[in-house]
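Structure file query_23.txt; described as compact mmCIF, C-alpha atoms and all ligand atoms.
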# COMPACT_ATOMS: atom_id res chain seq x y z
CA MET A 1 -43.86 -32.84 -47.56
CA THR A 2 -43.10 -30.27 -50.27
CA GLU A 3 -45.87 -28.80 -52.46
CA GLU A 4 -44.91 -31.08 -55.32
CA ILE A 5 -45.01 -34.79 -54.50
CA ARG A 6 -41.63 -36.19 -55.58
CA TRP A 7 -41.72 -39.77 -56.80
CA GLY A 8 -38.94 -42.31 -57.13
CA VAL A 9 -39.14 -45.41 -59.31
CA VAL A 10 -37.60 -48.68 -58.08
CA GLY A 11 -37.04 -51.50 -60.60
CA PRO A 12 -37.18 -49.95 -64.08
CA GLY A 13 -38.61 -52.95 -65.95
CA ARG A 14 -41.56 -53.47 -68.29
CA ILE A 15 -44.35 -52.00 -66.17
CA ALA A 16 -42.35 -49.08 -64.78
CA GLU A 17 -41.73 -48.06 -68.40
CA GLN A 18 -45.52 -47.68 -68.88
CA VAL A 19 -46.53 -46.28 -65.50
CA VAL A 20 -43.97 -43.48 -65.50
CA LYS A 21 -45.49 -42.00 -68.68
CA ASP A 22 -48.72 -41.34 -66.76
CA PHE A 23 -47.13 -38.79 -64.43
CA ALA A 24 -47.92 -36.38 -67.29
CA HIS A 25 -51.58 -36.69 -66.19
CA VAL A 26 -51.01 -36.17 -62.45
CA ASP A 27 -51.12 -32.62 -61.11
CA GLY A 28 -48.48 -31.72 -58.56
CA ALA A 29 -46.48 -34.92 -58.90
CA ARG A 30 -43.30 -35.74 -60.77
CA ALA A 31 -40.89 -38.65 -61.10
CA VAL A 32 -37.61 -37.14 -59.89
CA ALA A 33 -35.42 -40.23 -59.41
CA VAL A 34 -35.06 -43.83 -60.51
CA ALA A 35 -33.14 -46.73 -58.95
CA SER A 36 -31.94 -49.88 -60.64
CA ARG A 37 -29.53 -52.60 -59.54
CA SER A 38 -27.44 -51.24 -62.42
CA LEU A 39 -26.55 -47.55 -62.73
CA HIS A 40 -26.47 -47.97 -66.48
CA ARG A 41 -30.10 -49.18 -66.59
CA ALA A 42 -31.18 -46.39 -64.23
CA GLN A 43 -29.50 -43.79 -66.41
CA ALA A 44 -31.04 -45.19 -69.59
CA PHE A 45 -34.53 -45.15 -68.00
CA ALA A 46 -33.99 -41.63 -66.65
CA GLY A 47 -32.88 -40.49 -70.09
CA ARG A 48 -35.95 -41.93 -71.80
CA HIS A 49 -38.34 -40.31 -69.31
CA GLY A 50 -36.68 -37.01 -68.44
CA ILE A 51 -35.96 -38.05 -64.84
CA GLY A 52 -33.29 -36.00 -63.04
CA ARG A 53 -31.47 -38.45 -60.76
CA SER A 54 -30.31 -42.03 -61.36
CA HIS A 55 -29.30 -44.39 -58.56
CA GLY A 56 -27.28 -47.58 -59.12
CA SER A 57 -28.77 -49.37 -56.10
CA TYR A 58 -32.09 -49.47 -54.27
CA ALA A 59 -30.35 -48.45 -51.02
CA GLU A 60 -29.26 -45.20 -52.67
CA ILE A 61 -32.78 -44.07 -53.53
CA LEU A 62 -33.90 -44.85 -49.96
CA ALA A 63 -31.22 -42.40 -48.79
CA ASP A 64 -32.23 -39.72 -51.34
CA PRO A 65 -33.72 -36.93 -49.18
CA ASP A 66 -35.55 -35.38 -52.13
CA VAL A 67 -37.87 -38.34 -52.76
CA ASP A 68 -41.22 -38.48 -50.92
CA VAL A 69 -42.74 -41.69 -52.28
CA LEU A 70 -41.49 -44.78 -54.08
CA TYR A 71 -43.22 -46.72 -56.81
CA ILE A 72 -41.91 -50.28 -56.41
CA ALA A 73 -42.00 -52.29 -59.64
CA THR A 74 -39.67 -55.20 -58.92
CA PRO A 75 -40.91 -58.82 -59.15
CA HIS A 76 -43.21 -59.91 -56.28
CA PRO A 77 -40.68 -61.50 -53.85
CA GLN A 78 -38.52 -58.39 -54.24
CA HIS A 79 -41.25 -56.02 -52.94
CA HIS A 80 -41.01 -57.01 -49.28
CA ALA A 81 -37.41 -56.09 -48.38
CA VAL A 82 -37.47 -52.90 -50.43
CA SER A 83 -40.79 -51.84 -48.88
CA LEU A 84 -39.52 -52.43 -45.34
CA GLY A 85 -36.37 -50.43 -46.15
CA ALA A 86 -38.47 -47.61 -47.58
CA ILE A 87 -40.69 -47.49 -44.49
CA ARG A 88 -37.59 -47.35 -42.26
CA ALA A 89 -36.40 -44.43 -44.39
CA GLY A 90 -39.78 -42.70 -43.96
CA LYS A 91 -40.72 -42.96 -47.62
CA ALA A 92 -44.32 -43.55 -48.69
CA LEU A 93 -45.04 -46.53 -50.93
CA LEU A 94 -47.01 -47.53 -53.98
CA VAL A 95 -46.22 -51.24 -54.42
CA GLU A 96 -47.02 -53.16 -57.59
CA LYS A 97 -49.43 -56.07 -57.42
CA SER A 98 -49.12 -58.64 -56.01
CA PHE A 99 -48.14 -56.64 -52.91
CA THR A 100 -45.69 -59.35 -51.77
CA ALA A 101 -45.07 -63.06 -52.41
CA THR A 102 -46.45 -64.24 -49.04
CA VAL A 103 -49.08 -63.34 -46.48
CA ALA A 104 -46.40 -63.16 -43.78
CA GLY A 105 -44.42 -60.69 -45.89
CA ALA A 106 -47.47 -58.56 -46.63
CA THR A 107 -48.45 -58.52 -42.96
CA GLU A 108 -44.96 -57.39 -41.96
CA VAL A 109 -45.01 -54.52 -44.48
CA VAL A 110 -48.53 -53.45 -43.47
CA GLU A 111 -47.68 -53.50 -39.76
CA ALA A 112 -44.47 -51.55 -40.34
CA ALA A 113 -46.29 -48.92 -42.43
CA ARG A 114 -49.06 -48.55 -39.86
CA THR A 115 -46.64 -48.37 -36.91
CA SER A 116 -44.54 -45.76 -38.69
CA GLY A 117 -47.51 -43.78 -40.02
CA VAL A 118 -46.17 -44.14 -43.57
CA PHE A 119 -48.58 -44.23 -46.53
CA ALA A 120 -48.66 -47.58 -48.35
CA MET A 121 -50.91 -48.87 -51.10
CA GLU A 122 -50.94 -51.79 -53.52
CA ALA A 123 -50.89 -50.56 -57.13
CA MET A 124 -54.14 -52.34 -58.00
CA TRP A 125 -54.98 -49.97 -60.88
CA THR A 126 -58.28 -51.76 -61.64
CA ARG A 127 -59.99 -50.22 -58.61
CA PHE A 128 -59.30 -46.70 -59.91
CA GLN A 129 -60.46 -47.16 -63.51
CA PRO A 130 -63.37 -44.73 -64.16
CA ALA A 131 -65.59 -47.56 -65.49
CA VAL A 132 -64.96 -49.65 -62.36
CA VAL A 133 -65.62 -46.64 -60.12
CA ARG A 134 -68.95 -46.17 -61.95
CA ALA A 135 -69.84 -49.86 -61.58
CA ARG A 136 -69.28 -49.60 -57.82
CA GLU A 137 -71.44 -46.46 -57.67
CA LEU A 138 -74.26 -48.23 -59.52
CA ILE A 139 -74.02 -51.19 -57.17
CA ALA A 140 -74.03 -48.90 -54.12
CA GLU A 141 -77.14 -47.19 -55.52
CA GLY A 142 -78.85 -50.58 -55.71
CA ALA A 143 -78.98 -50.73 -59.52
CA ILE A 144 -78.63 -54.55 -59.52
CA GLY A 145 -80.01 -55.25 -56.05
CA ASP A 146 -77.92 -57.27 -53.63
CA VAL A 147 -74.73 -58.68 -55.14
CA ARG A 148 -74.80 -62.47 -54.93
CA SER A 149 -71.90 -63.56 -57.11
CA VAL A 150 -68.96 -62.49 -59.24
CA GLN A 151 -67.39 -64.19 -62.25
CA ALA A 152 -64.05 -63.07 -63.66
CA ASP A 153 -61.31 -64.50 -65.82
CA LEU A 154 -57.91 -63.25 -66.89
CA GLY A 155 -55.39 -65.28 -68.83
CA VAL A 156 -52.73 -65.02 -71.49
CA SER A 157 -50.90 -67.60 -73.56
CA ARG A 158 -47.21 -67.07 -72.84
CA ALA A 159 -44.35 -69.03 -74.33
CA PHE A 160 -42.64 -70.88 -71.49
CA ASP A 161 -39.33 -69.27 -70.51
CA PRO A 162 -37.93 -70.46 -67.16
CA THR A 163 -35.81 -67.32 -66.80
CA ASP A 164 -38.74 -64.91 -67.16
CA ARG A 165 -40.21 -63.71 -63.86
CA LEU A 166 -43.59 -65.07 -65.00
CA PHE A 167 -42.29 -68.65 -64.79
CA ALA A 168 -39.39 -68.45 -62.30
CA LYS A 169 -40.23 -69.57 -58.76
CA GLU A 170 -37.67 -67.30 -57.06
CA LEU A 171 -39.27 -64.36 -58.90
CA GLY A 172 -42.79 -65.25 -57.72
CA GLY A 173 -43.86 -66.64 -61.10
CA GLY A 174 -47.15 -68.26 -61.98
CA ALA A 175 -50.60 -67.15 -63.00
CA LEU A 176 -51.99 -66.52 -59.50
CA LEU A 177 -49.63 -63.77 -58.32
CA ASP A 178 -49.42 -62.12 -61.71
CA LEU A 179 -53.00 -62.29 -63.10
CA GLY A 180 -55.03 -64.16 -60.48
CA VAL A 181 -54.53 -61.20 -58.17
CA TYR A 182 -56.83 -59.19 -60.47
CA VAL A 183 -59.75 -61.62 -60.39
CA VAL A 184 -59.38 -62.16 -56.64
CA SER A 185 -59.09 -58.46 -55.86
CA PHE A 186 -62.13 -57.71 -58.03
CA ALA A 187 -64.23 -60.32 -56.21
CA GLN A 188 -62.95 -59.23 -52.79
CA MET A 189 -63.78 -55.60 -53.61
CA LEU A 190 -67.43 -56.52 -54.26
CA LEU A 191 -68.07 -59.43 -51.91
CA GLY A 192 -65.59 -58.93 -49.06
CA ASP A 193 -63.30 -61.57 -47.54
CA PRO A 194 -64.38 -65.12 -48.42
CA ASP A 195 -65.01 -67.83 -45.85
CA THR A 196 -63.72 -70.64 -48.08
CA VAL A 197 -61.27 -70.93 -50.98
CA THR A 198 -61.17 -73.94 -53.31
CA ALA A 199 -58.66 -74.13 -56.15
CA THR A 200 -57.99 -76.50 -59.03
CA GLY A 201 -55.16 -76.08 -61.50
CA SER A 202 -51.86 -77.23 -62.97
CA LEU A 203 -48.18 -76.34 -62.66
CA PHE A 204 -45.30 -75.55 -65.00
CA GLU A 205 -42.11 -77.60 -64.69
CA THR A 206 -40.56 -74.72 -62.69
CA GLY A 207 -43.06 -75.49 -59.92
CA VAL A 208 -45.23 -72.40 -60.33
CA ASP A 209 -48.93 -72.47 -61.18
CA ALA A 210 -49.79 -72.43 -64.87
CA GLU A 211 -53.56 -72.11 -64.49
CA ALA A 212 -56.07 -72.02 -61.68
CA SER A 213 -59.82 -71.99 -61.21
CA LEU A 214 -61.01 -70.67 -57.86
CA LEU A 215 -64.30 -70.92 -56.04
CA LEU A 216 -64.65 -68.40 -53.23
CA GLY A 217 -67.45 -69.21 -50.81
CA TYR A 218 -69.30 -67.03 -48.33
CA ALA A 219 -71.21 -68.34 -45.34
CA ASP A 220 -74.41 -66.67 -46.58
CA GLY A 221 -74.31 -68.49 -49.91
CA ARG A 222 -72.65 -65.79 -52.05
CA SER A 223 -69.79 -66.92 -54.26
CA ALA A 224 -67.15 -65.98 -56.81
CA THR A 225 -65.98 -68.19 -59.68
CA LEU A 226 -62.63 -67.07 -60.99
CA MET A 227 -60.13 -68.28 -63.60
CA THR A 228 -56.58 -67.33 -64.38
CA SER A 229 -53.96 -68.77 -66.71
CA LEU A 230 -50.57 -68.27 -68.27
CA ARG A 231 -51.19 -71.37 -70.42
CA ASN A 232 -54.11 -70.15 -72.46
CA ALA A 233 -55.73 -66.85 -73.34
CA LEU A 234 -58.96 -65.94 -71.57
CA PRO A 235 -61.23 -63.07 -72.58
CA GLY A 236 -60.70 -60.97 -69.46
CA GLN A 237 -64.38 -60.52 -68.75
CA ALA A 238 -66.05 -59.90 -65.40
CA ARG A 239 -69.71 -60.14 -64.40
CA VAL A 240 -71.36 -59.03 -61.19
CA PHE A 241 -74.70 -60.68 -60.50
CA GLY A 242 -77.30 -59.11 -58.22
CA THR A 243 -80.86 -59.87 -57.18
CA ALA A 244 -82.19 -57.25 -59.63
CA GLY A 245 -79.80 -57.60 -62.58
CA TRP A 246 -76.14 -57.81 -63.47
CA ILE A 247 -73.24 -55.72 -64.73
CA ASP A 248 -70.88 -56.90 -67.43
CA VAL A 249 -67.39 -55.41 -67.25
CA LEU A 250 -66.19 -55.75 -70.80
CA PRO A 251 -62.71 -57.02 -71.63
CA ARG A 252 -60.30 -56.52 -70.38
CA PHE A 253 -61.98 -56.03 -67.06
CA HIS A 254 -58.79 -55.14 -65.20
CA HIS A 255 -58.62 -51.85 -67.14
CA PRO A 256 -62.02 -51.57 -68.80
CA GLN A 257 -63.55 -48.71 -70.69
CA THR A 258 -67.09 -50.07 -70.89
CA ILE A 259 -69.57 -51.63 -68.51
CA VAL A 260 -73.07 -52.81 -69.45
CA LEU A 261 -75.86 -52.50 -66.91
CA HIS A 262 -78.57 -55.15 -67.21
CA GLN A 263 -81.55 -54.45 -64.99
CA VAL A 264 -84.34 -57.01 -64.92
CA GLY A 265 -87.16 -55.75 -67.14
CA ALA A 266 -85.14 -52.92 -68.74
CA ASP A 267 -83.00 -52.51 -71.86
CA ALA A 268 -79.27 -52.98 -71.37
CA GLU A 269 -77.38 -49.72 -70.84
CA GLU A 270 -73.81 -49.39 -72.09
CA ILE A 271 -71.62 -46.95 -70.19
CA THR A 272 -68.19 -46.00 -71.55
CA LEU A 273 -65.69 -44.07 -69.46
CA PRO A 274 -62.17 -43.90 -70.90
CA GLN A 275 -59.05 -43.79 -68.75
CA LEU A 276 -56.63 -40.89 -68.45
CA GLY A 277 -53.39 -41.72 -70.24
CA GLY A 278 -52.45 -45.38 -70.05
CA GLY A 279 -54.85 -45.95 -67.12
CA TYR A 280 -52.13 -45.87 -64.45
CA SER A 281 -52.68 -42.15 -63.79
CA HIS A 282 -55.67 -42.87 -61.55
CA GLU A 283 -53.71 -44.86 -58.97
CA LEU A 284 -50.93 -42.27 -59.10
CA ILE A 285 -53.51 -39.52 -58.47
CA GLU A 286 -54.97 -41.48 -55.54
CA ALA A 287 -51.58 -41.98 -53.90
CA THR A 288 -50.56 -38.36 -54.56
CA GLU A 289 -53.82 -37.02 -53.11
CA CYS A 290 -53.58 -39.28 -50.05
CA LEU A 291 -50.06 -38.00 -49.41
CA ARG A 292 -51.10 -34.39 -49.84
CA ALA A 293 -53.98 -34.92 -47.41
CA GLY A 294 -51.73 -36.68 -44.88
CA ARG A 295 -53.62 -39.97 -45.15
CA THR A 296 -51.70 -43.21 -44.58
CA GLU A 297 -54.09 -45.51 -46.46
CA SER A 298 -56.37 -45.35 -49.47
CA THR A 299 -60.04 -46.04 -48.81
CA VAL A 300 -60.36 -47.48 -52.32
CA MET A 301 -57.44 -49.91 -51.97
CA PRO A 302 -57.06 -50.30 -48.20
CA LEU A 303 -54.30 -52.47 -46.77
CA ALA A 304 -56.84 -54.79 -45.13
CA ASP A 305 -58.13 -55.66 -48.62
CA THR A 306 -54.58 -56.26 -49.84
CA LEU A 307 -54.01 -58.69 -46.95
CA ALA A 308 -57.30 -60.48 -47.65
CA VAL A 309 -56.42 -60.88 -51.33
CA GLN A 310 -52.93 -62.09 -50.49
CA SER A 311 -54.45 -64.67 -48.16
CA VAL A 312 -56.76 -66.01 -50.89
CA LEU A 313 -53.84 -66.23 -53.33
CA GLU A 314 -51.70 -68.08 -50.79
CA GLN A 315 -54.49 -70.53 -49.94
CA ALA A 316 -55.15 -71.21 -53.63
CA ALA A 317 -51.44 -71.63 -54.43
CA GLY A 318 -51.06 -73.93 -51.42
CA GLN A 319 -53.88 -76.16 -52.65
CA LEU A 320 -52.01 -76.48 -55.96
CA GLY A 321 -48.81 -77.36 -54.08
CA VAL A 322 -47.05 -74.03 -54.62
CA THR A 323 -45.42 -71.99 -51.87
CA PHE A 324 -43.47 -68.79 -52.32
CA ALA A 325 -40.79 -67.02 -50.28
CA GLU A 326 -39.73 -63.39 -49.97
CA ASP A 327 -36.23 -62.46 -51.17
CA PRO A 328 -34.33 -60.96 -48.20
CA ALA A 329 -31.47 -59.97 -50.52
CA ALA A 330 -33.66 -57.71 -52.68
CA LEU A 331 -32.32 -54.65 -50.87
N1 LIG Z 401 -50.16 -52.90 -63.16
C1 LIG Z 401 -49.89 -53.58 -64.23
O1 LIG Z 401 -50.54 -53.48 -65.26
C2 LIG Z 401 -48.72 -54.51 -64.23
C3 LIG Z 401 -48.29 -55.07 -65.42
C4 LIG Z 401 -47.16 -55.87 -65.40
C5 LIG Z 401 -46.50 -56.11 -64.21
N2 LIG Z 401 -46.96 -55.59 -63.05
C6 LIG Z 401 -46.27 -55.86 -61.77
O2 LIG Z 401 -45.06 -55.11 -61.75
C7 LIG Z 401 -44.00 -55.86 -61.16
C8 LIG Z 401 -42.86 -55.98 -62.16
O3 LIG Z 401 -43.32 -56.59 -63.35
P1 LIG Z 401 -42.57 -56.38 -64.76
O4 LIG Z 401 -43.34 -57.15 -65.75
O5 LIG Z 401 -42.31 -54.94 -64.99
O6 LIG Z 401 -41.20 -57.15 -64.46
P2 LIG Z 401 -39.79 -57.01 -65.20
O7 LIG Z 401 -39.97 -56.46 -66.56
O8 LIG Z 401 -39.09 -58.27 -65.00
O9 LIG Z 401 -39.08 -55.85 -64.36
C9 LIG Z 401 -38.84 -55.97 -63.01
C10 LIG Z 401 -37.60 -55.14 -62.65
O10 LIG Z 401 -37.31 -55.39 -61.28
C11 LIG Z 401 -35.92 -55.31 -61.06
N3 LIG Z 401 -35.50 -56.45 -60.22
C12 LIG Z 401 -35.16 -56.41 -58.91
N4 LIG Z 401 -34.81 -57.59 -58.45
C13 LIG Z 401 -34.91 -58.45 -59.48
C14 LIG Z 401 -34.64 -59.83 -59.63
N5 LIG Z 401 -34.18 -60.57 -58.61
N6 LIG Z 401 -34.82 -60.38 -60.83
C15 LIG Z 401 -35.29 -59.67 -61.86
N7 LIG Z 401 -35.55 -58.33 -61.80
C16 LIG Z 401 -35.36 -57.73 -60.61
C17 LIG Z 401 -35.25 -55.27 -62.41
O11 LIG Z 401 -34.77 -53.96 -62.59
P3 LIG Z 401 -33.25 -53.54 -62.20
O12 LIG Z 401 -32.44 -54.79 -62.13
O13 LIG Z 401 -32.86 -52.64 -63.33
O14 LIG Z 401 -33.34 -52.84 -60.90
C18 LIG Z 401 -36.37 -55.52 -63.41
O15 LIG Z 401 -36.24 -54.75 -64.57
C19 LIG Z 401 -44.63 -57.19 -60.74
O16 LIG Z 401 -45.04 -57.07 -59.39
C20 LIG Z 401 -45.85 -57.30 -61.65
O17 LIG Z 401 -46.90 -58.08 -61.15
C21 LIG Z 401 -48.04 -54.77 -63.05
Do you think you could lay out the structure here as structure tokens?
Amino acid sequence: MTEEIRWGVVGPGRIAEQVVKDFAHVDGARAVAVASRSLHRAQAFAGRHGIGRSHGSYAEILADPDVDVLYIATPHPQHHAVSLGAIRAGKALLVEKSFTATVAGATEVVEAARTSGVFAMEAMWTRFQPAVVRARELIAEGAIGDVRSVQADLGVSRAFDPTDRLFAKELGGGALLDLGVYVVSFAQMLLGDPDTVTATGSLFETGVDAEASLLLGYADGRSATLMTSLRNALPGQARVFGTAGWIDVLPRFHHPQTIVLHQVGADAEEITLPQLGGGYSHELIEATECLRAGRTESTVMPLADTLAVQSVLEQAAGQLGVTFAEDPAAL
């Protein structure tokens, strides 16, 4: 590993356009290459962001010896094959949420990364937001007692477009994999892996989930009530309830600036902690620091948590009658 951590971007779409700007806030890291299925798109992205090398296929960036780590920002079913190829090429990975389209696919990537000793992390930026980090510290200090339940919602009203990845089955569309992953990951972060998953919802005509309400149950009586939707807007609020109070994570909770601590018998305390840049810098810093330290997993977003979240999403989707598949032709 060179002194500077050299990043490559795979799949220069909507989110890559935002994330890449945050390298300006990461010490000792730089985006040095980008790969698209079209050389023209790679070159245009590279031009907009001052990136040196453009590759016209994903295979080319895997063979680029001057790239240490890949940020994979393709649609969900196109993460699996590219991630496995990257691991075979010895490249570390930051993979957009949802990590894959299926539990089997996620398990394969995780096992390959662990066997090869290659760093891999899901780009669940919520866990690295300063306000979320503070909320976890407060909870660990006992500020709200024992956490008993979590509520969270995240939804947007999107015009139906069967060609958009949000609605297309072969692109892993639907609310659960795109937005539900945030509410599930937030609950799993605070409560651990649930014992039961119960989902209610509806589908779009493309066969992907339009909306879902989830009840996660724990054998000791703890619970999470979660909502996600592409059919209607939801505030994007989260609440963590403990035996001695609760914490509100103000909208939108997946990249919040403000939390409000409510302790029984005390005035509410508002705590505001802004993000660096667009808020993606924190996950980039985590991955960069892990690589520099020779770690193969993040302790904040460990792969076991990614697998647990993926399992909840798959169970919920299954109850709504939706199954997804990985795209073996993505690489
Ligand atoms: N962290 C966040 O805040 C956030 C926000 C939005 C999305 N995301 C995640 O980021 C990923 C991408 O989302 P996005 O909204 O950026 O998607 P997008 O705009 O559709 O871009 C995805 C890119 O992937 C590439 N791609 C590879 N195979 C493809 C295929 N079969 N069909 C379509 N595109 C394909 C395309 O680039 P080329 O063809 O040029 O290679 C495309 O531009 C998803 O996993 C999503 O959940 C994260």
Next on the checklist: Show me which residues line ligand LIG 401 (chain Z), defined as having an atom within 6 Å of a ligand atom where only C-alpha atoms and all ligand atoms count, and present them as a PyMOL selection string.
Outcome noted: chain A and resi 11-16+36-38+41+73-76+78+96-98+165+178+330
Next on the checklist: Show me, as a PyMOL selection string, the residues that have an atom within 10 Å of A:Ala135 when counting only C-alpha atoms, minus same-chain residues fewer than 6 positions from it.
Outcome noted: chain A and resi 129+141+143+240+247-249+258-261+271
Item to check | Atom-to-atom span, atom CA of A:Ser229 and atom CA of A:Ala210, Å | outcome: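 The value is 5.8 Å.
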Checklist outcome for this item: Counting all atoms listed in the file, closest pick from A:Leu191, A:Ala113, A:Ala31, A:Leu93 relative to A:Asp66 is A:Ala31
For A:Val20, list every protein, DNA or RNA residue within 12 Å, evaluated using only C-alpha atoms, and leave out those in the same chain fewer than 5 positions away; present the list as an mmCIF file with C-alpha atoms, in the coordinates of the input.
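That gives us out_26.cif:
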data_model
loop_
_atom_site.group_PDB
_atom_site.id
_atom_site.type_symbol
_atom_site.label_atom_id
_atom_site.label_comp_id
_atom_site.auth_asym_id
_atom_site.auth_seq_id
_atom_site.Cartn_x
_atom_site.Cartn_y
_atom_site.Cartn_z
ATOM 1 C CA TRP A 7 -41.720 -39.770 -56.800
ATOM 2 C CA GLY A 8 -38.940 -42.310 -57.130
ATOM 3 C CA VAL A 9 -39.140 -45.410 -59.310
ATOM 4 C CA VAL A 10 -37.600 -48.680 -58.080
ATOM 5 C CA GLY A 11 -37.040 -51.500 -60.600
ATOM 6 C CA PRO A 12 -37.180 -49.950 -64.080
ATOM 7 C CA GLY A 13 -38.610 -52.950 -65.950
ATOM 8 C CA ARG A 14 -41.560 -53.470 -68.290
ATOM 9 C CA ILE A 15 -44.350 -52.000 -66.170
ATOM 10 C CA HIS A 25 -51.580 -36.690 -66.190
ATOM 11 C CA VAL A 26 -51.010 -36.170 -62.450
ATOM 12 C CA ALA A 29 -46.480 -34.920 -58.900
ATOM 13 C CA ARG A 30 -43.300 -35.740 -60.770
ATOM 14 C CA ALA A 31 -40.890 -38.650 -61.100
ATOM 15 C CA VAL A 32 -37.610 -37.140 -59.890
ATOM 16 C CA ALA A 33 -35.420 -40.230 -59.410
ATOM 17 C CA VAL A 34 -35.060 -43.830 -60.510
ATOM 18 C CA PHE A 45 -34.530 -45.150 -68.000
ATOM 19 C CA ALA A 46 -33.990 -41.630 -66.650
ATOM 20 C CA ARG A 48 -35.950 -41.930 -71.800
ATOM 21 C CA HIS A 49 -38.340 -40.310 -69.310
ATOM 22 C CA GLY A 50 -36.680 -37.010 -68.440
ATOM 23 C CA ILE A 51 -35.960 -38.050 -64.840
ATOM 24 C CA LEU A 70 -41.490 -44.780 -54.080
ATOM 25 C CA TYR A 71 -43.220 -46.720 -56.810
ATOM 26 C CA ILE A 72 -41.910 -50.280 -56.410
ATOM 27 C CA ALA A 73 -42.000 -52.290 -59.640
ATOM 28 C CA GLY A 277 -53.390 -41.720 -70.240
ATOM 29 C CA GLY A 278 -52.450 -45.380 -70.050
ATOM 30 C CA GLY A 279 -54.850 -45.950 -67.120
ATOM 31 C CA TYR A 280 -52.130 -45.870 -64.450
ATOM 32 C CA SER A 281 -52.680 -42.150 -63.790
ATOM 33 C CA GLU A 283 -53.710 -44.860 -58.970
ATOM 34 C CA LEU A 284 -50.930 -42.270 -59.100
#
Might I get the box with edges along x, y and z of the file that holds all atoms of stretch 177-182 of chain A listed there, padded by 3 Å on every side, given as centre and edge lengths in Å to one decimal, as lines of an AutoDock Vina configuration file?
center_x = -53.1
center_y = -61.7
center_z = -60.6
size_x = 13.4
size_y = 11.0
size_z = 10.9
Next on the checklist: Report, in Å to a single decimal, how far apart atom CA of A:Val183 and atom CA of A:Val208 are.
Outcome noted: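 Going from atom CA of A:Val208 over to atom CA of A:Val183 covers 18.1 Å.
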Checklist entry - So, counting all atoms listed in the file, which residue among A:Val322, A:Lys91, A:Leu307, A:Leu216 is closest to A:Glu108? => result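 Looking only at the distances to A:Glu108, the closest residue turns out to be A:Leu307.
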Checklist entry - Which residues come within 7 Å of A:Asp153, counting only C-alpha atoms, excluding same-chain residues fewer than 4 positions away, as a PyMOL selection string? => result chain A and resi 183+226-228+234-238
Checklist entry - What residues have an atom no more than 9 Å from (-40.0, -45.8, -44.8) in the file's own frame, counting only C-alpha atoms, and can you write them as number ranges by chain? => result A: 62, 69, 83-93, 112-113, 116, 118-119
Next on the checklist: One number please: atom CA of A:Glu17 to atom CA of A:Phe324, in Å, one decimal.
Outcome noted: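 Atom CA of A:Phe324 lies at a distance of 26.3 Å from atom CA of A:Glu17.
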Checklist entry - Contacts of A:Thr126 at 12 Å or less, counting all atoms listed in the file, minus same-chain residues fewer than 6 places along, as a PyMOL selection string? => result chain A and resi 97+132-133+135-136+179+181-187+189+238+249+252-257+275+279-283+300-301
Checklist entry - Which one of A:Glu211, A:Asp27, A:Asp305, A:Glu170 sits closest to A:Thr323 if you count all atoms listed in the file? => result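 Among the listed residues, A:Glu170 lies closest to A:Thr323.
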Item to check | For A:Pro328, the nearest of the candidates A:His80, A:Thr296, A:Gly47, A:Asp220, counting all atoms listed in the file | outcome: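 The closest residue to A:Pro328 is A:His80.
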Checklist outcome for this item: Nearest to A:Glu122, restricted to only C-alpha atoms and choosing among A:Val147, A:Val110, A:Ile285, A:Leu331, comes out as A:Val110
Checklist entry - Of the candidates A:Ala317, A:Leu291, A:Leu214, A:Ala268, which shows the shortest atom-to-atom distance to A:Gly173, using all atoms listed in the file? => result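 Counting all atoms listed in the file, the residue closest to A:Gly173 is A:Ala317.
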Checklist entry - Residues at most 7 Å from A:Val103, counting all atoms listed in the file, excluding those fewer than 4 positions away in the same chain, as a VMD selection string? => result chain A and resid 107 307 310 to 311 314
Since the input is missing atoms, can you rebuild N, CA and C atoms for stretch 45-52 of chain A and write them as a PDB file, keeping the file's coordinate frame?
ATOM      1  N   PHE A  45     -33.109 -45.393 -68.298  1.00  0.00           N
ATOM      2  CA  PHE A  45     -34.530 -45.150 -68.000  1.00  0.00           C
ATOM      3  C   PHE A  45     -34.745 -43.654 -67.757  1.00  0.00           C
ATOM      4  N   ALA A  46     -33.872 -43.064 -66.953  1.00  0.00           N
ATOM      5  CA  ALA A  46     -33.990 -41.630 -66.650  1.00  0.00           C
ATOM      6  C   ALA A  46     -33.915 -40.819 -67.938  1.00  0.00           C
ATOM      7  N   GLY A  47     -33.019 -41.205 -68.822  1.00  0.00           N
ATOM      8  CA  GLY A  47     -32.880 -40.490 -70.090  1.00  0.00           C
ATOM      9  C   GLY A  47     -34.139 -40.569 -70.942  1.00  0.00           C
ATOM     10  N   ARG A  48     -34.734 -41.751 -70.979  1.00  0.00           N
ATOM     11  CA  ARG A  48     -35.950 -41.930 -71.800  1.00  0.00           C
ATOM     12  C   ARG A  48     -37.128 -41.133 -71.261  1.00  0.00           C
ATOM     13  N   HIS A  49     -37.144 -40.901 -69.917  1.00  0.00           N
ATOM     14  CA  HIS A  49     -38.340 -40.310 -69.310  1.00  0.00           C
ATOM     15  C   HIS A  49     -38.088 -38.935 -68.683  1.00  0.00           C
ATOM     16  N   GLY A  50     -36.946 -38.354 -68.956  1.00  0.00           N
ATOM     17  CA  GLY A  50     -36.680 -37.010 -68.440  1.00  0.00           C
ATOM     18  C   GLY A  50     -36.624 -36.956 -66.913  1.00  0.00           C
ATOM     19  N   ILE A  51     -36.066 -37.988 -66.303  1.00  0.00           N
ATOM     20  CA  ILE A  51     -35.960 -38.050 -64.840  1.00  0.00           C
ATOM     21  C   ILE A  51     -34.575 -37.550 -64.434  1.00  0.00           C
ATOM     22  N   GLY A  52     -34.527 -36.712 -63.392  1.00  0.00           N
ATOM     23  CA  GLY A  52     -33.290 -36.000 -63.040  1.00  0.00           C
ATOM     24  C   GLY A  52     -32.194 -36.856 -62.442  1.00  0.00           C
TER      25      GLY A  52
END
